[in-house]
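J.: Got a structure for you, written out below as structure tokens; questions coming shortly.
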Amino acid sequence: MTPPIVFHPAYEASLPQGHRFPMRKYGRLAEILIARGLAPEGFVRPEPADAELLAGVHDRAYVESVLARAVPAATERLIGLPVDDGVVARSRASCGGTLLAARLALVQGLAGSAAGGSHHARRETGAGFCIFNDVAVAARALQREGTIGRALVIDCDVHQGDGTADCLATNPDLFTLSLHAEKNYPTHKIAGDRDVGLPDGLDDAGYLDVLAGHVGPLLDALAPDLVFYNAGVDPHRDDRLGRLALTDAGLAARERLVIGAARSRGIPLVAVIGGGYSADIDALAARHALVFAAMAAA
């Protein structure tokens, strides 16, 4: 059975002409997934996250300011996106999508959302194109209701997962592993449970060697009930916001490594797509499709 994929039309919001965030990649990814037969029964559509769900992780005053489209100008600049109707709807749908995909993974073993990975959103503010932290919201919701006790976040976005570290800092049973370019954004990092800073220009072989040294041992040590996998493709050598040198083949091998490690241990895994930045939307969306192809092959 092909793993279910969650998608909502609101994942792709409208941005001002010339905005540097590649918003079109979400809709294009959905088109590629359909064309490649990776969603043979279509997508599963989530319910957008409400204020109560979001406030399970984020400061309530911040949540209310976002939902009222009333964030301070300085916060909006920190986020780097206009906090308008479309972007707020996108953020709510993304959080709801990651939670739904996590629930599906717990039943079927693997599932993914064609968005998510907003790992710079902190408890009291958004940042770095991230408004709400969908992985943290989903993990805490599942833990509060008793569906999971322990989870491992494997964050392979090229940027350190500072927001996820902040949101989950007080919960030792929600463990964060961040594998990122050390000299990249954010300048001021928030320490997670395990941060692995990589040197500029690291290639496929070097990256995969480092990753393999952490993923399997952590899965064995923690025995989590669920893995959240942020499969950001910005470690790619052509990414305009990355500093690493992975190829498409390297990214595909990465997906097989992480997914295979979880599946061989019988641990459910939910994937979100994380970051990826390029003017070539077709190539970018195709890179994001690699994690869904790896899940289907597993």
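Chain labels run A, B, ... following the order of the structure tokens; each chain numbers its residues from 1, and ligands are numbered from 1 in the order shown.
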If we count only C-alpha atoms, what is near Tyr229 (chain A) at a cut-off of 10 Å, once residues fewer than 2 positions away on the same chain are taken out, given as a PyMOL selection string?
T.: chain A and resi 112+117+135+152-157+177+226-227+231-232+255+258-259+269-274+291
J.: Distance table requested - region 117-139 of chain A against region 88-100 of chain A, cut-off 9 Å, only C-alpha atoms: one row per qualifying residue with the closest atom pair and its distance in Å to one decimal, ordered by chain and rising residue number, as a Markdown table.
T.:
```
| residue | atom | partner | partner_atom | distance |
| --- | --- | --- | --- | --- |
| A:Gly117 | CA | A:Thr98 | CA | 8.6 |
| A:Ser118 | CA | A:Ser94 | CA | 8.8 |
| A:Cys130 | CA | A:Ser91 | CA | 8.1 |
| A:Ile131 | CA | A:Ser91 | CA | 6.5 |
| A:Phe132 | CA | A:Ser91 | CA | 6.3 |
| A:Asn133 | CA | A:Cys95 | CA | 7.2 |
| A:Asp134 | CA | A:Cys95 | CA | 4.2 |
| A:Val135 | CA | A:Thr98 | CA | 6.6 |
| A:Val137 | CA | A:Cys95 | CA | 6.8 |
| A:Ala138 | CA | A:Leu99 | CA | 4.6 |
| A:Ala139 | CA | A:Leu99 | CA | 7.7 |
```
J.: Show which residues sit within 6 Å of His180 (chain A), as a PDB file with N, CA and C atoms, in the first residue's frame. Count only C-alpha atoms, and ignore same-chain residues fewer than 4 positions away.
T.:
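Output (result31.pdb):
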```pdb
ATOM      1  N   VAL A 158      18.907  22.050   6.052  1.00  0.00           N
ATOM      2  CA  VAL A 158      20.278  22.568   6.123  1.00  0.00           C
ATOM      3  C   VAL A 158      20.459  23.599   7.235  1.00  0.00           C
ATOM      4  N   HIS A 159      19.364  24.119   7.761  1.00  0.00           N
ATOM      5  CA  HIS A 159      19.414  25.102   8.843  1.00  0.00           C
ATOM      6  C   HIS A 159      19.090  24.435  10.179  1.00  0.00           C
ATOM      7  N   GLN A 160      19.740  24.868  11.227  1.00  0.00           N
ATOM      8  CA  GLN A 160      19.518  24.279  12.545  1.00  0.00           C
ATOM      9  C   GLN A 160      18.079  24.497  13.014  1.00  0.00           C
ATOM     10  N   GLY A 197      26.650  20.085  13.676  1.00  0.00           N
ATOM     11  CA  GLY A 197      26.991  21.123  12.717  1.00  0.00           C
ATOM     12  C   GLY A 197      27.991  20.606  11.696  1.00  0.00           C
ATOM     13  N   LEU A 198      27.676  20.797  10.429  1.00  0.00           N
ATOM     14  CA  LEU A 198      28.490  20.257   9.344  1.00  0.00           C
ATOM     15  C   LEU A 198      29.294  21.354   8.659  1.00  0.00           C
TER      16      LEU A 198
END
```
J.: Just want the 10 Å neighbourhood of Phe292 (chain A), counted on only C-alpha atoms, with same-chain residues fewer than 2 positions away dropped. Output as a list in words.
T.: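 Once the adjacent positions are removed, what remains is Thr2, Pro3, Pro4, Ile5, Leu33, Leu38, Ala39, Leu110, Ala111, Gly112, Ser113, Ala114, Ala231, Glu255, Ala271, Val272, Ile273, Arg287, His288, Ala289, Leu290, Ala294, Met295, Ala296, Ala297 and Ala298 of chain A.
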J.: Provide the CA of Arg140 (chain A) to CA of Leu179 (chain A) distance in Å, to one decimal place.
T.: 21.8 Å
J.: Would you mind listing what lies within 7 Å of Leu174 (chain A) as an mmCIF file with C-alpha atoms, in the first residue's frame, with only C-alpha atoms counted and same-chain residues fewer than 5 positions away left out?
T.:
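Dumped to result_11.cif:
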```
data_model
loop_
_atom_site.group_PDB
_atom_site.id
_atom_site.type_symbol
_atom_site.label_atom_id
_atom_site.label_comp_id
_atom_site.auth_asym_id
_atom_site.auth_seq_id
_atom_site.Cartn_x
_atom_site.Cartn_y
_atom_site.Cartn_z
ATOM 1 C CA ARG A 150 8.277 9.455 23.204
ATOM 2 C CA ALA A 151 9.192 10.813 19.777
ATOM 3 C CA LEU A 152 12.393 11.515 17.890
ATOM 4 C CA LEU A 168 10.323 21.155 22.990
#
```
J.: Counting only C-alpha atoms, which of A:Ala61, A:Ala252, A:Val107, A:Ala262 gets nearest to Glu124 (chain A)?
T.: A:Ala61
J.: When you draw a straight line from CA of Ala283 (chain A) to CA of Ala13 (chain A), how long is it in Å?
T.: 19.8 Å
J.: For Arg24 (chain A), which residue out of A:Ala10, A:Ala105, A:Ala261, A:Leu246 is the nearest one, using only C-alpha atoms?
T.: A:Ala10
